[in-house]
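Trainee: Pasting coords-v1.txt below, which is compact mmCIF, C-alpha atoms.
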```txt
# COMPACT_ATOMS: atom_id res chain seq x y z
CA MET A 1 -24.08 -109.20 92.11
CA GLN A 2 -21.64 -112.12 92.32
CA ASN A 3 -22.52 -112.80 95.97
CA PHE A 4 -26.22 -112.59 95.08
CA LEU A 5 -25.90 -115.16 92.27
CA ILE A 6 -23.91 -117.52 94.52
CA LEU A 7 -26.53 -117.27 97.26
CA LEU A 8 -29.34 -117.69 94.73
CA THR A 9 -27.72 -120.86 93.33
CA THR A 10 -27.17 -122.24 96.85
CA VAL A 11 -30.73 -121.55 97.99
CA ALA A 12 -32.27 -122.84 94.75
CA THR A 13 -30.27 -126.09 94.98
CA ALA A 14 -31.29 -126.56 98.62
CA ALA A 15 -34.93 -125.96 97.71
CA VAL A 16 -34.82 -128.58 94.97
CA LEU A 17 -33.11 -131.15 97.22
CA MET A 18 -35.63 -130.55 100.02
CA HIS A 19 -38.68 -130.76 97.77
CA PRO A 20 -40.74 -133.77 98.91
CA ARG A 21 -40.81 -135.37 95.44
CA VAL A 22 -37.00 -135.34 95.38
CA ALA A 23 -36.26 -135.96 99.05
CA ASN A 24 -38.65 -138.92 99.29
CA ALA A 25 -37.78 -140.59 95.97
CA PRO A 26 -36.25 -144.03 96.78
CA LEU A 27 -33.56 -143.82 94.10
CA TRP A 28 -32.46 -140.34 95.21
CA ARG A 29 -32.42 -141.39 98.87
CA ALA A 30 -30.25 -144.36 97.93
CA THR A 31 -28.00 -142.11 95.81
CA ILE A 32 -27.45 -139.24 98.21
CA THR A 33 -25.52 -141.27 100.79
CA PRO A 34 -22.70 -142.38 98.45
CA LEU A 35 -22.79 -139.06 96.55
CA ALA A 36 -22.42 -136.98 99.69
CA SER A 37 -19.63 -139.23 100.92
CA ILE A 38 -17.68 -139.04 97.65
CA ILE A 39 -17.78 -135.26 97.33
CA GLY A 40 -17.63 -134.52 101.03
CA SER A 41 -14.33 -133.83 102.71
CA GLY A 42 -12.30 -134.70 99.63
CA PHE A 43 -13.87 -131.80 97.78
CA LEU A 44 -12.47 -129.36 100.36
CA VAL A 45 -8.83 -130.43 100.18
CA LEU A 46 -8.41 -131.94 96.73
CA GLY A 47 -8.50 -128.80 94.56
CA PRO A 48 -5.50 -127.04 96.17
CA ILE A 49 -3.50 -130.29 96.34
CA LEU A 50 -3.97 -131.09 92.64
CA LYS A 51 -3.30 -127.53 91.46
CA GLU A 52 -0.18 -127.17 93.62
CA ASN A 53 1.38 -130.49 92.60
CA TYR A 54 0.08 -131.26 89.11
CA GLY A 55 -0.43 -127.79 87.68
CA ALA A 56 -2.19 -127.76 84.31
CA TYR A 57 -2.47 -131.56 84.41
CA ALA A 58 -4.71 -131.47 87.51
CA PRO A 59 -7.95 -132.21 85.56
CA LEU A 60 -6.30 -135.25 83.97
CA ILE A 61 -5.27 -136.57 87.39
CA MET A 62 -8.80 -135.94 88.66
CA LEU A 63 -10.16 -137.99 85.77
CA GLY A 64 -7.72 -140.79 86.63
CA LEU A 65 -8.83 -140.85 90.27
CA CYS A 66 -12.49 -141.00 89.24
CA ALA A 67 -11.78 -143.75 86.69
CA ALA A 68 -9.97 -145.85 89.32
CA ALA A 69 -12.86 -145.35 91.72
CA TYR A 70 -15.34 -146.44 89.03
CA LEU A 71 -13.27 -149.58 88.40
CA PHE A 72 -13.35 -150.46 92.11
CA GLY A 73 -17.05 -149.61 92.19
CA GLY A 74 -17.63 -152.02 89.31
CA ALA A 75 -16.07 -154.83 91.34
CA ILE A 76 -18.29 -154.04 94.32
CA ARG A 77 -21.40 -153.89 92.14
CA TYR A 78 -20.53 -157.29 90.65
CA ASN A 79 -20.16 -158.65 94.17
CA MET A 80 -23.54 -157.23 95.17
CA ALA A 81 -25.14 -159.15 92.30
CA SER A 82 -23.39 -162.40 93.29
CA LEU A 83 -24.54 -161.96 96.89
CA ALA A 84 -28.12 -161.45 95.77
CA ALA A 85 -27.95 -164.53 93.53
CA ARG A 86 -26.37 -166.60 96.34
CA THR A 87 -23.74 -167.98 93.95
CA ARG A 88 -20.67 -167.43 96.10
CA GLY A 89 -18.16 -170.10 97.00
CA GLY A 90 -16.22 -170.57 100.21
CA THR A 91 -13.22 -168.50 99.06
CA GLU A 92 -15.41 -165.50 98.27
CA ARG A 93 -17.14 -165.74 101.65
CA ARG A 94 -13.83 -165.82 103.53
CA LEU A 95 -12.52 -162.87 101.54
CA GLU A 96 -15.75 -160.99 102.27
CA THR A 97 -15.23 -161.44 106.01
CA LEU A 98 -11.66 -160.17 105.70
CA ALA A 99 -12.88 -157.23 103.60
CA SER A 100 -15.43 -156.32 106.28
CA TRP A 101 -12.68 -156.26 108.92
CA MET A 102 -10.59 -154.05 106.66
CA LEU A 103 -13.52 -151.69 106.12
CA ALA A 104 -14.05 -151.42 109.89
CA PHE A 105 -10.37 -150.45 110.23
CA ALA A 106 -10.63 -148.01 107.31
CA TYR A 107 -13.54 -146.34 109.06
CA VAL A 108 -11.30 -145.75 112.09
CA ILE A 109 -8.77 -143.87 109.94
CA SER A 110 -11.45 -141.99 108.02
CA VAL A 111 -13.04 -140.73 111.25
CA ALA A 112 -9.65 -139.30 112.26
CA TYR A 113 -9.48 -137.68 108.82
CA TYR A 114 -12.95 -136.13 109.13
CA ILE A 115 -12.48 -134.87 112.68
CA ASN A 116 -9.06 -133.38 112.02
CA LEU A 117 -10.49 -131.54 109.02
CA PHE A 118 -13.29 -130.34 111.31
CA GLY A 119 -10.64 -128.99 113.68
CA SER A 120 -8.72 -127.24 110.91
CA PHE A 121 -11.79 -125.61 109.38
CA GLY A 122 -13.27 -124.86 112.80
CA VAL A 123 -10.41 -122.51 113.69
CA SER A 124 -9.72 -121.27 110.13
CA LEU A 125 -11.60 -117.98 110.49
CA THR A 126 -10.60 -117.30 114.12
CA THR A 127 -7.64 -115.63 115.80
CA VAL A 128 -6.30 -119.03 116.92
CA ASP A 129 -5.85 -120.48 113.43
CA ASP A 130 -2.96 -122.86 114.10
CA ALA A 131 -2.27 -126.59 114.28
CA TYR A 132 -2.30 -126.72 118.11
CA HIS A 133 -5.79 -125.26 118.49
CA ALA A 134 -7.08 -127.30 115.54
CA ARG A 135 -5.90 -130.44 117.35
CA LEU A 136 -7.50 -129.28 120.58
CA LEU A 137 -10.83 -128.80 118.82
CA ALA A 138 -10.51 -132.18 117.09
CA SER A 139 -9.70 -133.86 120.42
CA ALA A 140 -12.72 -132.25 122.08
CA LEU A 141 -14.94 -133.54 119.27
CA PHE A 142 -13.50 -137.05 119.65
CA VAL A 143 -14.40 -136.99 123.34
CA LEU A 144 -17.89 -135.67 122.59
CA ILE A 145 -18.53 -138.40 120.02
CA LEU A 146 -17.36 -141.06 122.47
CA LEU A 147 -19.60 -139.70 125.25
CA VAL A 148 -22.66 -139.53 123.00
CA GLY A 149 -22.02 -142.95 121.45
CA TRP A 150 -21.32 -144.58 124.82
CA THR A 151 -24.25 -143.11 126.73
CA ARG A 152 -27.03 -142.49 124.22
CA GLY A 153 -26.09 -143.90 120.84
CA PHE A 154 -26.04 -141.95 117.60
CA ALA A 155 -29.72 -142.04 116.63
CA ALA A 156 -30.22 -138.35 117.38
CA MET A 157 -26.95 -137.22 115.82
CA GLU A 158 -27.50 -139.31 112.71
CA ARG A 159 -30.45 -137.07 111.84
CA LEU A 160 -27.87 -134.36 111.25
CA GLU A 161 -26.65 -136.31 108.23
CA GLN A 162 -29.87 -135.79 106.31
CA ILE A 163 -29.71 -132.03 106.87
CA SER A 164 -25.97 -131.65 106.33
CA VAL A 165 -26.05 -133.54 103.02
CA GLY A 166 -28.44 -131.01 101.52
CA ILE A 167 -26.44 -128.08 102.93
CA LYS A 168 -23.18 -129.47 101.59
CA LEU A 169 -24.45 -130.14 98.07
CA ALA A 170 -26.17 -126.74 97.89
CA ILE A 171 -23.01 -124.90 98.97
CA ILE A 172 -20.90 -126.87 96.48
CA MET A 173 -23.22 -125.74 93.68
CA GLY A 174 -22.86 -122.18 94.95
CA LEU A 175 -19.09 -122.60 94.90
CA LEU A 176 -19.17 -123.85 91.30
CA CYS A 177 -21.33 -120.87 90.34
CA GLY A 178 -18.81 -118.48 91.90
CA LEU A 179 -15.87 -120.20 90.22
CA ALA A 180 -17.62 -120.17 86.84
CA LEU A 181 -18.27 -116.43 87.11
CA TYR A 182 -14.68 -115.80 88.15
CA PHE A 183 -13.38 -118.03 85.34
CA GLY A 184 -15.39 -115.98 82.87
CA GLU A 185 -13.93 -112.73 84.21
CA GLN A 186 -10.38 -114.08 84.00
CA ALA A 187 -10.94 -115.42 80.49
CA LYS A 188 -12.28 -112.05 79.33
CA ALA A 189 -9.21 -110.34 80.82
CA GLY A 190 -6.85 -112.89 79.25
CA ALA A 191 -5.63 -113.87 82.73
CA LEU A 192 -6.21 -117.62 82.70
CA SER A 193 -3.13 -119.61 83.76
CA ALA A 194 -1.68 -123.04 82.98
CA PRO A 195 0.74 -123.66 85.87
CA PRO A 196 3.53 -126.24 85.42
CA PRO A 197 3.58 -129.43 87.57
CA THR A 198 5.99 -129.54 90.50
CA LEU A 199 6.40 -133.35 90.62
CA GLY A 200 8.31 -135.92 88.62
CA LEU A 201 6.55 -138.95 87.14
CA TRP A 202 7.05 -141.33 90.09
CA GLY A 203 6.17 -138.64 92.63
CA ALA A 204 3.03 -137.81 90.66
CA ILE A 205 1.97 -141.48 90.60
CA THR A 206 2.58 -142.16 94.31
CA LEU A 207 0.85 -138.94 95.40
CA GLY A 208 -2.12 -139.89 93.22
CA PHE A 209 -2.19 -143.27 94.99
CA GLY A 210 -2.29 -141.41 98.30
CA LEU A 211 -5.34 -139.41 97.25
CA ILE A 212 -7.76 -142.25 96.43
CA VAL A 213 -9.64 -141.62 99.70
CA THR A 214 -10.81 -138.28 98.30
CA VAL A 215 -13.07 -140.13 95.83
CA GLN A 216 -13.99 -142.85 98.34
CA GLY A 217 -17.53 -143.28 99.60
CA PHE A 218 -19.28 -145.14 96.77
CA GLU A 219 -18.88 -148.41 98.71
CA THR A 220 -21.58 -147.25 101.16
CA SER A 221 -24.15 -148.44 98.59
CA ARG A 222 -22.95 -152.00 99.31
CA TYR A 223 -24.23 -151.65 102.88
CA LEU A 224 -27.64 -150.18 102.04
CA THR A 225 -29.04 -153.45 100.73
CA HIS A 226 -30.91 -154.00 104.01
CA VAL A 227 -32.93 -150.87 103.15
CA TYR A 228 -33.13 -150.95 99.33
CA ASP A 229 -33.20 -153.66 96.68
CA TRP A 230 -29.68 -154.49 95.47
CA ARG A 231 -30.57 -153.29 91.97
CA VAL A 232 -31.49 -149.87 93.37
CA CYS A 233 -28.22 -149.81 95.32
CA THR A 234 -26.23 -150.73 92.21
CA ARG A 235 -27.93 -148.06 90.14
CA SER A 236 -27.54 -145.47 92.90
CA MET A 237 -23.79 -146.14 93.08
CA LYS A 238 -23.43 -145.61 89.32
CA ILE A 239 -25.39 -142.35 89.48
CA ALA A 240 -23.37 -141.14 92.49
CA GLN A 241 -20.06 -141.90 90.80
CA ALA A 242 -21.08 -140.35 87.47
CA SER A 243 -22.47 -137.22 89.17
CA SER A 244 -19.45 -136.78 91.43
CA THR A 245 -17.12 -137.19 88.44
CA MET A 246 -18.87 -134.37 86.58
CA ILE A 247 -18.83 -132.12 89.65
CA TYR A 248 -15.17 -132.83 90.38
CA MET A 249 -14.06 -132.32 86.78
CA VAL A 250 -15.81 -128.95 86.49
CA TYR A 251 -14.47 -127.86 89.89
CA ILE A 252 -10.85 -128.85 89.22
CA ALA A 253 -10.82 -127.35 85.72
CA LEU A 254 -12.21 -124.00 86.91
CA LEU A 255 -9.90 -123.90 89.93
CA THR A 256 -6.76 -124.90 88.04
CA TYR A 257 -6.92 -122.39 85.22
CA ALA A 258 -8.70 -119.43 86.85
CA LEU A 259 -6.76 -118.92 90.10
CA PRO A 260 -3.12 -117.81 90.23
CA ALA A 261 -0.67 -120.22 91.89
CA MET A 262 0.04 -117.80 94.73
CA ALA A 263 -3.63 -118.04 95.78
CA MET A 264 -3.26 -121.72 96.77
CA PRO A 265 -1.19 -122.24 99.94
CA SER A 266 -0.27 -125.84 100.83
CA ASP A 267 -2.46 -126.57 103.83
CA GLU A 268 -5.75 -128.32 104.47
CA THR A 269 -7.79 -125.09 104.60
CA ALA A 270 -6.19 -123.58 101.47
CA ILE A 271 -9.56 -123.55 99.72
CA ILE A 272 -10.84 -120.96 102.22
CA ASP A 273 -8.13 -118.41 101.37
CA ALA A 274 -8.45 -119.12 97.65
CA MET A 275 -12.22 -118.63 97.58
CA GLU A 276 -11.93 -115.22 99.25
CA ILE A 277 -10.43 -114.04 95.96
CA VAL A 278 -13.43 -115.39 94.06
CA ALA A 279 -16.20 -113.93 96.27
CA PRO A 280 -16.27 -112.60 99.86
CA ILE A 281 -19.22 -114.79 100.82
CA LEU A 282 -17.63 -118.10 99.85
CA PRO A 283 -15.23 -118.61 102.82
CA LEU A 284 -18.07 -118.44 105.33
CA LEU A 285 -20.25 -120.76 103.26
CA LEU A 286 -17.40 -123.27 102.86
CA VAL A 287 -16.63 -123.32 106.58
CA ALA A 288 -20.33 -123.99 107.29
CA ALA A 289 -20.30 -126.82 104.73
CA ALA A 290 -17.05 -128.23 106.12
CA LEU A 291 -18.20 -128.32 109.74
CA SER A 292 -21.57 -129.92 108.99
CA ALA A 293 -20.05 -132.40 106.53
CA GLN A 294 -17.21 -133.54 108.78
CA LEU A 295 -19.43 -133.95 111.83
CA SER A 296 -22.07 -136.00 110.03
CA ALA A 297 -19.45 -138.12 108.24
CA ALA A 298 -17.56 -138.78 111.47
CA VAL A 299 -20.76 -139.84 113.25
CA ALA A 300 -21.81 -142.09 110.35
CA ASP A 301 -18.41 -143.83 110.12
CA THR A 302 -18.07 -144.18 113.90
CA SER A 303 -21.47 -145.82 114.03
CA GLY A 304 -20.65 -147.97 110.99
CA SER A 305 -17.35 -149.15 112.44
CA GLY A 306 -18.89 -150.05 115.79
CA GLY A 307 -21.73 -151.92 114.12
CA LEU A 308 -19.39 -153.84 111.82
CA VAL A 309 -17.13 -154.90 114.69
CA GLU A 310 -20.13 -156.11 116.72
CA GLU A 311 -21.40 -158.10 113.72
CA LEU A 312 -18.00 -159.62 112.91
CA THR A 313 -17.35 -160.68 116.53
CA ASP A 314 -20.89 -162.03 117.04
CA GLY A 315 -21.46 -159.47 119.80
CA ARG A 316 -18.31 -160.26 121.78
CA ILE A 317 -17.15 -156.68 121.21
CA SER A 318 -19.95 -154.16 121.69
CA PRO A 319 -20.33 -151.02 119.58
CA ARG A 320 -19.46 -148.93 122.65
CA GLN A 321 -16.17 -150.75 123.07
CA GLY A 322 -15.53 -150.27 119.35
CA TYR A 323 -16.15 -146.53 119.73
CA ALA A 324 -13.61 -146.35 122.55
CA VAL A 325 -10.92 -148.06 120.46
CA LEU A 326 -11.70 -145.79 117.51
CA VAL A 327 -11.43 -142.63 119.61
CA GLY A 328 -8.17 -143.82 121.18
CA ILE A 329 -6.58 -144.43 117.78
CA GLY A 330 -8.00 -141.15 116.49
CA LEU A 331 -6.47 -139.15 119.33
CA VAL A 332 -3.06 -140.75 118.72
CA LEU A 333 -3.27 -139.87 115.00
CA THR A 334 -4.40 -136.34 115.82
CA TRP A 335 -1.37 -135.54 117.97
CA THR A 336 1.29 -137.48 116.06
CA THR A 337 0.42 -136.80 112.39
CA ASN A 338 -1.10 -134.12 110.19
CA VAL A 339 -4.20 -134.17 107.99
CA PHE A 340 -2.25 -134.96 104.82
CA GLN A 341 -0.62 -138.00 106.47
CA ILE A 342 -4.02 -139.20 107.68
CA ILE A 343 -5.37 -138.83 104.13
CA SER A 344 -2.56 -141.10 102.91
CA TYR A 345 -3.23 -143.68 105.66
CA ALA A 346 -6.96 -143.62 104.90
CA SER A 347 -6.26 -144.06 101.19
CA ARG A 348 -4.19 -147.15 101.91
CA ALA A 349 -6.81 -148.59 104.25
CA PHE A 350 -9.62 -148.13 101.73
CA ALA A 351 -7.38 -149.39 98.92
CA ALA A 352 -6.84 -152.58 100.91
CA TYR A 353 -10.62 -152.94 101.17
CA TYR A 354 -10.98 -152.34 97.42
CA ALA A 355 -8.23 -154.89 96.74
CA LEU A 356 -10.17 -157.52 98.68
CA GLN A 357 -13.46 -156.65 96.99
CA SER A 358 -11.72 -156.77 93.59
CA ALA A 359 -10.18 -160.13 94.50
CA ILE A 360 -13.63 -161.46 95.40
CA ALA A 361 -14.94 -160.27 92.02
CA THR A 362 -11.95 -161.87 90.26
CA VAL A 363 -12.44 -165.24 91.96
CA HIS A 364 -16.17 -165.20 91.27
CA SER A 365 -15.71 -164.23 87.60
CA ILE A 366 -13.20 -167.08 87.18
CA ARG A 367 -15.76 -169.52 88.57
CA GLN A 368 -18.40 -168.04 86.25
CA ARG A 369 -15.93 -168.19 83.30
CA LYS A 370 -16.26 -164.47 82.56
CA THR A 371 -12.92 -163.79 80.85
CA VAL A 372 -13.30 -160.04 80.34
CA ARG A 373 -14.48 -159.48 83.90
CA THR A 374 -11.66 -161.64 85.24
CA GLY A 375 -9.10 -159.44 83.48
CA MET A 376 -10.78 -156.21 84.52
CA TYR A 377 -11.14 -157.10 88.20
CA GLY A 378 -7.67 -158.64 88.22
CA VAL A 379 -6.30 -155.26 87.10
CA ALA A 380 -8.36 -153.57 89.84
CA THR A 381 -6.87 -155.93 92.44
CA VAL A 382 -3.32 -155.17 91.34
CA LEU A 383 -3.98 -151.41 91.18
CA ALA A 384 -5.45 -151.37 94.69
CA GLY A 385 -2.46 -153.37 95.94
CA LEU A 386 -0.06 -150.84 94.41
CA ILE A 387 -1.93 -148.02 96.15
CA VAL A 388 -1.53 -149.82 99.48
CA LEU A 389 2.21 -150.25 98.91
CA PHE A 390 3.18 -146.94 97.34
CA GLY A 391 0.59 -144.29 98.25
CA ARG A 392 2.24 -141.30 99.95
CA PRO A 393 1.05 -138.10 101.64
CA VAL A 394 1.31 -134.52 100.43
CA GLU A 395 4.61 -133.05 101.61
```
What is this structure when it is put down as structure tokens?

Mentor:
Amino acid sequence: MQNFLILLTTVATAAVLMHPRVANAPLWRATITPLASIIGSGFLVLGPILKENYGAYAPLIMLGLCAAAYLFGGAIRYNMASLAARTRGGTERRLETLASWMLAFAYVISVAYYINLFGSFGVSLTTVDDAYHARLLASALFVLILLVGWTRGFAAMERLEQISVGIKLAIIMGLLCGLALYFGEQAKAGALSAPPPTLGLWGAITLGFGLIVTVQGFETSRYLTHVYDWRVCTRSMKIAQASSTMIYMVYIALLTYALPAMAMPSDETAIIDAMEIVAPILPLLLVAAALSAQLSAAVADTSGSGGLVEELTDGRISPRQGYAVLVGIGLVLTWTTNVFQIISYASRAFAAYYALQSAIATVHSIRQRKTVRTGMYGVATVLAGLIVLFGRPVE
């Protein structure tokens, strides 16, 4: 019965998302890109990390991550409005150029993150489930992406994103259904747990800094203004962040208190082993979601990075050359680091981008004499700077 209800929830969600009135609605189409990015790969690794390190305080940490992301999102939304109103000064324009360069670099790290997760999940249910074969699979995917991008471009592969987004969101709803049923069973049996944290205060703060990339993705709305009106993009970012916060909070709360600590090993595919306890069907569904999500996200960010570099260099560096550099860096990261280290590096790279966007918002609000906004975006700038300096990986 449990498997049936999970499948029913998954199929019903997919049917709703694919209904023409939903799929073709401009606001939903503008919302689904940032929403899918926020709850994509981070959703797969974040639950086990928070439960293992923060114990019963995991939902509180999740709320803090989402609040920080909303603060950075507020700065970006303010900047979108100033761009539309053409009220920027020279300082803001120079910072915007620097921020675009930083985002291009952050994309490079995030692609390594996505593809290494693809490798880990790709071998997770096989007889060669180890780091070496995961890296081999990740390396093969890097080479494939380079070949496709260099010879044919990503137009065909980008169509996968539209399909994979629906699959991913539907499977996540199925996962939440399974967890809710399991939580109910554990509550009835009096078996809910409140595990203690394993970190001290400073360790908890710096690890939290290193996890900001798991709620990253809302900034994609900033680069959809060539397709949608900036007001639609601003609204879609708010909806994506609010929706992802609700999904994350429910997920982390159910996972933290329902599953025993021994069910959560400390590796990037821990969620697979944990969900086997909840329902036999969930591991297979999660692997399918992981593979489709990581591939589409990697293609989107590879394409985005190449396009940004071409734009910033006025065509002196072509997208194909940008892809080659990205793949080279990605292969080095694949064979010299692990997924948790890459998550930390990606968090710092995106935090640097958020620091610059927050600085732009601060400068603009000073010029506009908006005292409250100046204070708020100044805090965001400092917070993002601290994440860059002190964010650390899971050990």

Trainee: For CA of Val22 (chain A) and CA of Cys233 (chain A), quote the distance in Å rounded to one decimal.

Mentor: 16.9 Å

Trainee: Point out the residue among A:Ala324, A:Leu211, A:Val108, A:Leu44 with the least atom-to-atom distance to Val394 (chain A), counting all atoms listed in the file.

Mentor: A:Leu211

Trainee: Considering all atoms listed in the file, state which residue in the set A:Leu103, A:Ala140, A:Glu185, A:Gly166 is at the smallest distance from Asp301 (chain A).

Mentor: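 Nearest candidate to Asp301 (chain A) out of A:Leu103, A:Ala140, A:Glu185, A:Gly166: A:Leu103.
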
Trainee: What's the separation between CA of Pro26 (chain A) and CA of Ala81 (chain A), in Å to one decimal place?

Mentor: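 Distance between the two atoms: 19.3 Å.
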
Trainee: For each of A:Tyr78, A:Tyr248, A:Tyr132, A:Tyr228, take the minimum atom-to-atom distance to Lys370 (chain A), counting all atoms listed in the file, then give the residue where this is smallest.

Mentor: A:Tyr78

Trainee: Closest to Thr313 (chain A) among A:Leu137, A:Gln368, A:Thr97, A:Val148, using only C-alpha atoms?

Mentor: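 So, comparing all the options, the nearest one is A:Thr97.
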
Trainee: Please, what distance in Å, to one decimal, runs between CA of Ile145 (chain A) and CA of Leu117 (chain A)?

Mentor: 15.3 Å

Trainee: Set the distance at 7 Å and use all atoms listed in the file: which residues neighbour Thr31 (chain A) once local chain neighbours fewer than 2 positions away are removed? I'd like the list as a list in words.

Mentor: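 Final neighbour list, sorted by chain and number: Leu27, Trp28, Arg29, Thr33, Pro34, Leu35, Ser236, Met237, Ile239 and Ala240 of chain A.
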
Trainee: Now that the selection is made, can you save its residues with C-alpha atoms as a PDB file, in the frame of the given file?

Mentor:
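Here's the written file result_14.pdb:
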```pdb
ATOM      1  CA  LEU A  27     -33.560-143.820  94.100  1.00  0.00           C
ATOM      2  CA  TRP A  28     -32.460-140.340  95.210  1.00  0.00           C
ATOM      3  CA  ARG A  29     -32.420-141.390  98.870  1.00  0.00           C
ATOM      4  CA  THR A  33     -25.520-141.270 100.790  1.00  0.00           C
ATOM      5  CA  PRO A  34     -22.700-142.380  98.450  1.00  0.00           C
ATOM      6  CA  LEU A  35     -22.790-139.060  96.550  1.00  0.00           C
ATOM      7  CA  SER A 236     -27.540-145.470  92.900  1.00  0.00           C
ATOM      8  CA  MET A 237     -23.790-146.140  93.080  1.00  0.00           C
ATOM      9  CA  ILE A 239     -25.390-142.350  89.480  1.00  0.00           C
ATOM     10  CA  ALA A 240     -23.370-141.140  92.490  1.00  0.00           C
TER      11      ALA A 240
END
```

Trainee: Go through A:Gly89, A:Gly64, A:Gly122, A:Pro260 and flag the residue nearest Ser292 (chain A), using only C-alpha atoms for the distances.

Mentor: A:Gly122

Trainee: Determine, counting only C-alpha atoms, every residue of protein, DNA or RNA that lies within 10 Å of (-3.2, -132.5, 110.6) in the file coordinates, then give the result as a PDB file with C-alpha atoms, keeping the file's coordinate frame.

Mentor:
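Okay, out.pdb is ready:
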```pdb
ATOM      1  CA  ALA A 112      -9.650-139.300 112.260  1.00  0.00           C
ATOM      2  CA  TYR A 113      -9.480-137.680 108.820  1.00  0.00           C
ATOM      3  CA  ILE A 115     -12.480-134.870 112.680  1.00  0.00           C
ATOM      4  CA  ASN A 116      -9.060-133.380 112.020  1.00  0.00           C
ATOM      5  CA  LEU A 117     -10.490-131.540 109.020  1.00  0.00           C
ATOM      6  CA  GLY A 119     -10.640-128.990 113.680  1.00  0.00           C
ATOM      7  CA  SER A 120      -8.720-127.240 110.910  1.00  0.00           C
ATOM      8  CA  ALA A 131      -2.270-126.590 114.280  1.00  0.00           C
ATOM      9  CA  TYR A 132      -2.300-126.720 118.110  1.00  0.00           C
ATOM     10  CA  ALA A 134      -7.080-127.300 115.540  1.00  0.00           C
ATOM     11  CA  ARG A 135      -5.900-130.440 117.350  1.00  0.00           C
ATOM     12  CA  ALA A 138     -10.510-132.180 117.090  1.00  0.00           C
ATOM     13  CA  ASP A 267      -2.460-126.570 103.830  1.00  0.00           C
ATOM     14  CA  GLU A 268      -5.750-128.320 104.470  1.00  0.00           C
ATOM     15  CA  LEU A 333      -3.270-139.870 115.000  1.00  0.00           C
ATOM     16  CA  THR A 334      -4.400-136.340 115.820  1.00  0.00           C
ATOM     17  CA  TRP A 335      -1.370-135.540 117.970  1.00  0.00           C
ATOM     18  CA  THR A 336       1.290-137.480 116.060  1.00  0.00           C
ATOM     19  CA  THR A 337       0.420-136.800 112.390  1.00  0.00           C
ATOM     20  CA  ASN A 338      -1.100-134.120 110.190  1.00  0.00           C
ATOM     21  CA  VAL A 339      -4.200-134.170 107.990  1.00  0.00           C
ATOM     22  CA  PHE A 340      -2.250-134.960 104.820  1.00  0.00           C
ATOM     23  CA  GLN A 341      -0.620-138.000 106.470  1.00  0.00           C
ATOM     24  CA  ILE A 342      -4.020-139.200 107.680  1.00  0.00           C
ATOM     25  CA  ILE A 343      -5.370-138.830 104.130  1.00  0.00           C
TER      26      ILE A 343
END
```

Trainee: Nearest residue to Gln186 (chain A) out of A:Ala293, A:Val45, A:Ala258, A:Leu326, using all atoms listed in the file?

Mentor: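 The answer is A:Ala258, which sits nearest to Gln186 (chain A).
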
Trainee: Can you pull out every residue within 12 Å of Leu169 (chain A), counting only C-alpha atoms, but drop anything in the same chain fewer than 6 positions away, and send it as a PyMOL selection string?

Mentor: chain A and resi 9-18+32-33+35-41+43+162-163+175-176+243-244+247+285-286+288-290+292-293

Trainee: For Ser193 (chain A), please output as a list in words all residues within 9 Å (counting all atoms listed in the file; exclusion window: fewer than 3 positions along the same chain).

Mentor: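 Here the answer would be Ala56, Gly190, Thr256, Tyr257, Ala258, Leu259, Pro260 and Ala261 of chain A.
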
Trainee: What would region 228-237 of chain A look like if you wrote it out as a PDB file, in the first residue's frame, with N, CA and C atoms included, from the block I just posted?

Mentor:
```pdb
ATOM      1  N   TYR A 228      11.087  37.048 -20.034  1.00  0.00           N
ATOM      2  CA  TYR A 228       9.916  37.510 -19.290  1.00  0.00           C
ATOM      3  C   TYR A 228      10.142  38.932 -18.778  1.00  0.00           C
ATOM      4  N   ASP A 229       9.048  39.629 -18.525  1.00  0.00           N
ATOM      5  CA  ASP A 229       9.117  40.945 -17.914  1.00  0.00           C
ATOM      6  C   ASP A 229       9.789  40.825 -16.544  1.00  0.00           C
ATOM      7  N   TRP A 230      10.557  41.849 -16.154  1.00  0.00           N
ATOM      8  CA  TRP A 230      11.302  41.761 -14.897  1.00  0.00           C
ATOM      9  C   TRP A 230      10.386  41.591 -13.692  1.00  0.00           C
ATOM     10  N   ARG A 231       9.158  42.114 -13.777  1.00  0.00           N
ATOM     11  CA  ARG A 231       8.218  41.931 -12.669  1.00  0.00           C
ATOM     12  C   ARG A 231       7.827  40.464 -12.523  1.00  0.00           C
ATOM     13  N   VAL A 232       7.623  39.789 -13.664  1.00  0.00           N
ATOM     14  CA  VAL A 232       7.323  38.355 -13.632  1.00  0.00           C
ATOM     15  C   VAL A 232       8.495  37.588 -13.051  1.00  0.00           C
ATOM     16  N   CYS A 233       9.710  37.965 -13.440  1.00  0.00           N
ATOM     17  CA  CYS A 233      10.913  37.294 -12.926  1.00  0.00           C
ATOM     18  C   CYS A 233      11.055  37.502 -11.420  1.00  0.00           C
ATOM     19  N   THR A 234      10.789  38.714 -10.962  1.00  0.00           N
ATOM     20  CA  THR A 234      10.864  39.000  -9.523  1.00  0.00           C
ATOM     21  C   THR A 234       9.845  38.176  -8.747  1.00  0.00           C
ATOM     22  N   ARG A 235       8.626  38.148  -9.269  1.00  0.00           N
ATOM     23  CA  ARG A 235       7.567  37.382  -8.597  1.00  0.00           C
ATOM     24  C   ARG A 235       7.877  35.888  -8.620  1.00  0.00           C
ATOM     25  N   SER A 236       8.400  35.407  -9.748  1.00  0.00           N
ATOM     26  CA  SER A 236       8.709  33.984  -9.860  1.00  0.00           C
ATOM     27  C   SER A 236       9.805  33.579  -8.882  1.00  0.00           C
ATOM     28  N   MET A 237      10.783  34.461  -8.650  1.00  0.00           N
ATOM     29  CA  MET A 237      11.838  34.153  -7.687  1.00  0.00           C
ATOM     30  C   MET A 237      11.272  34.040  -6.282  1.00  0.00           C
TER      31      MET A 237
END
```
